[in-house]
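Here the structure is laid out as structure tokens; the discussion comes afterwards.
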Amino acid sequence: MRVLRHLRHPRVVKRLHPLDWLAAGLLACGLLCVATGALPTGPAGEVMDRIGPLLAFLATVIVLAELTSEAEVFDVVAAGVARAGRGSYALLFLLCVAFAGVTTATLNLDTTAVLLTPVMLALASRVGIATVPLAMTTVWLANTASLLLPVSNLTNLLASDRVALSPAGLARAMWAPQLAALAATMACLWLCYWRRGVRGADAYLPPARHRPADPWLFRVCAAACAGFLLVLLVTGVPLWAASGGAAVAAVAVFAVRRRSVLRPSLVPWRLLALVPGMFLVVQTMDEHGLHEVLASAVGDDGGVGGMFRAAAVGAGLSNVLNNLPVYLAGEAAVPAGNHDQLLALLIGTNVGPVVAPWASLATLLWFERCRAQEVRVSLGRFAATGAVLAVTAVAASTAALAAVR
């Protein structure tokens with residue numbers, strides 16, 4: 001009873017973030033849908049089977065990121081980036097954009113959100129500049145730089161299978177939309193977060209080389225992260241297996257060197273509640289007419305008008321629900337022969353989900369990293385500036401697709 005009274009204590013409730021309430025509410029709604037029969041047990045079981053590996057990846061990659069941060073790996077990388085910028089905000093901006101863009105395109109947008117966000121936040125603390133511009137660079141490019149290759153985004157893998165495109169074929173189809181999305185993102189980043197009137201300084205002082213307090217923790221965690229990225233690049237090992245192996249190595253070295261860091265709060269409980277709840281709710285909606293609504297909204301026009309329509313529907317619904325289930329439902333709604341329209345839907349679901357915190361898994365992971373580092377990001381400003389980026393980048397990318405296709 002004392003535990004229950006503690007949970008009901010106003011101070012405990014007050015500490016809950018709005019996304020905590022969202023996660024709990026979505027999970028409760030999803031379970032209620034199953035319990036009442038609104039979502040039959042068969043489709044519910046299929047959903048859970050589908051997201052099981054995703055949940056394993058989320059849990060292990062967050063633990064890996066937390067322990068890597070404790071080992072000061074991100075501080076070392078951040079200090080190197082800051083020194084390369086030589087005190088110039090313009091050069092630092094270009095370096096951060098290139099770093100985030102290449103990481104997303106060649107690895108995975110979720111990897112960027114988890115591993116690059118702490119680097120950016122550490123960079124801000126190392127050089128004494130505002131954290132929000134660096135944080136927003138990561139989350140925006142984690143989404144908008146994910147068009148080029150199948151590995152960049154799970155939706156890309158699904159789309160390339162549907163239209164029978166190899167990695168090189170997808171790159172040939174999406175290079176122009178990707179460049180357009182990057183250009184729009186850079187313009188919005190500079191105007192909304194990086195320009196002189198917003199960031200508040202003309203230059204910064206490059207820091208000295210950072211030396212970690214425990215070299216063994218640093219070496220093992222740095223090697224674990226490098227191994228994780230290498231496995232993703234050169235093997236077909238599932239994401240959850242790669243992140244799980246790296247997390248085990250990090251946990252093992254901390255168990256020997258600094259056991260006090262290993263605590264239950266390392267596990268991303270919010271995400272582990274939010275993701276299954278979100279998928280169960282969307283699957284319930286699909287069982288009760290979401291497919292028909294999407295088919296009507298997307299239409300069957302394979303021309304330029306149909307491309308813009310599919311991109312707008314994908315971006316809009318991704319910010320209402322989440323981009324992965326929206327893409328899956330939208331893919332089934334696009335006529336089989338309308339390959340360009342499907343690629344436009346892909347643009348909407350990749351580039352557009354930058355308005356709502358739950359619009360993409362990468363954004364959820366980013367919020368989790370910001371919360372862990374006690375970085376406050378205004379949800380109102382995040383949504384307002386994200387809406388500007390979504391409209392600009394989706395329109396520019398879809399126009400570029402139409403021009404080259």
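Just so we're on the same page: first chain in the structure tokens is A, next is B, and so on; residues restart at 1 for each chain, and ligands are numbered from 1 in the order they show up.
For His291 in chain A, the set of protein, DNA and RNA residues having any atom at most 9 Å away, when counting only C-alpha atoms and skipping those fewer than 5 positions along the same chain, is A:Met285, A:Asp286, A:Ser296, A:Ala329, A:Gly330, A:Ala332, A:Ala333.
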Hey, which bits of range 250-292 of chain A sit within 12 Å of range 317-327 of chain A, and for each residue what's the closest pair of atoms and how far apart in Å (one decimal), counting only C-alpha atoms, rows by chain and increasing number, as a tab-separated table?
```
residue	atom	partner	partner_atom	distance
A:Leu274	CA	A:Asn322	CA	11.3
A:Val275	CA	A:Asn322	CA	9.8
A:Pro276	CA	A:Pro325	CA	11.6
A:Gly277	CA	A:Leu321	CA	11.4
A:Met278	CA	A:Leu321	CA	7.7
A:Phe279	CA	A:Pro325	CA	7.1
A:Leu280	CA	A:Pro325	CA	10.1
A:Val281	CA	A:Leu321	CA	9.2
A:Val282	CA	A:Pro325	CA	6.9
A:Gln283	CA	A:Pro325	CA	8.1
A:Thr284	CA	A:Pro325	CA	11.4
A:Met285	CA	A:Leu321	CA	10.5
A:Asp286	CA	A:Pro325	CA	9.5
A:Leu290	CA	A:Val326	CA	9.5
A:His291	CA	A:Val326	CA	9.8
```
Item to check | Neighbour list for range 91-101 of chain A as an MDAnalysis selection string, cut-off 7 Å, only C-alpha atoms, skip fewer than 2 positions in-chain | outcome: chainID A and resid 85 88:89 103:105 112 137:138 141:142 145
Checklist entry - Any idea what's packed within 12 Å of Gly42 in chain A, counting only C-alpha atoms, ignoring anything in its chain fewer than 4 positions away? Could you give it as a PyMOL selection string? => result chain A and resi 34+37-38+46-49+280+283-284+287
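The protein and nucleic acid residues lying at most 10 Å from Trp194 in chain A are Tyr89, Ala90, Phe93, Ala130, Val132, Pro133, Leu134, Met136, Thr137, Met186, Ala187, Cys188, Gly200 and Ala201 of chain A, with only C-alpha atoms considered and sequence neighbours fewer than 6 positions away removed.
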Applying 9 Å and only C-alpha atoms, which residues near Val261 in chain A remain after dropping the ones on its own chain fewer than 6 positions away? List them as a PDB file with C-alpha atoms, in the first residue's frame.
```pdb
ATOM      1  CA  LEU A  67      26.742   3.682 -21.067  1.00  0.00           C
ATOM      2  CA  GLU A  70      28.950   7.643 -19.187  1.00  0.00           C
ATOM      3  CA  PHE A 254      30.728  -1.263 -16.388  1.00  0.00           C
ATOM      4  CA  ALA A 255      29.962  -4.246 -14.146  1.00  0.00           C
TER       5      ALA A 255
END
```
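Ranking A:Gly303, A:Thr36, A:Trp269, A:Leu147 by their shortest atom-to-atom distance to Val102 in chain A, with only C-alpha atoms included, puts A:Leu147 first.
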Next on the checklist: Env of range 355-369 of chain A: 9 Å cut, atoms = only C-alpha atoms, seq-sep filter 2 positions within chain, self excluded. Answer as a PyMOL selection string.
Outcome noted: chain A and resi 19+58+62+65-66+109-115+117-118+135+138-140+142-143+268+270-271+274-275+317-324+349-350+352-353+371-375+377+379+382-390
Next on the checklist: When you count only C-alpha atoms, which of these residues is closest to Pro335 in chain A: A:Arg381, A:Arg162, A:Arg195, A:Arg83?
Outcome noted: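 Counting only C-alpha atoms, the residue closest to Pro335 in chain A is A:Arg162.
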Item to check | DSSP helix (DSSP H, G or I) residues within range 272-381 of chain A, as JSON, numbers by chain | outcome: {"A": [272, 273, 274, 275, 276, 277, 278, 279, 280, 281, 282, 283, 284, 285, 286, 287, 288, 289, 290, 291, 292, 293, 294, 295, 296, 297, 298, 304, 305, 306, 307, 308, 309, 310, 311, 312, 313, 314, 315, 316, 317, 318, 319, 320, 323, 324, 325, 326, 327, 328, 329, 330, 331, 332, 333, 339, 340, 341, 342, 343, 344, 345, 346, 347, 348, 349, 350, 351, 361, 362, 363, 364, 365, 366, 367, 368, 369, 370, 371, 372, 379, 380, 381]}
Checklist entry - Suppose you want the space between CA of Ala252 in chain A and CA of Trp240 in chain A; what is it in Å? => result 17.9 Å
Checklist entry - What gap, in Å, lies between CA of Ala295 in chain A and CA of Val334 in chain A? => result 6.8 Å
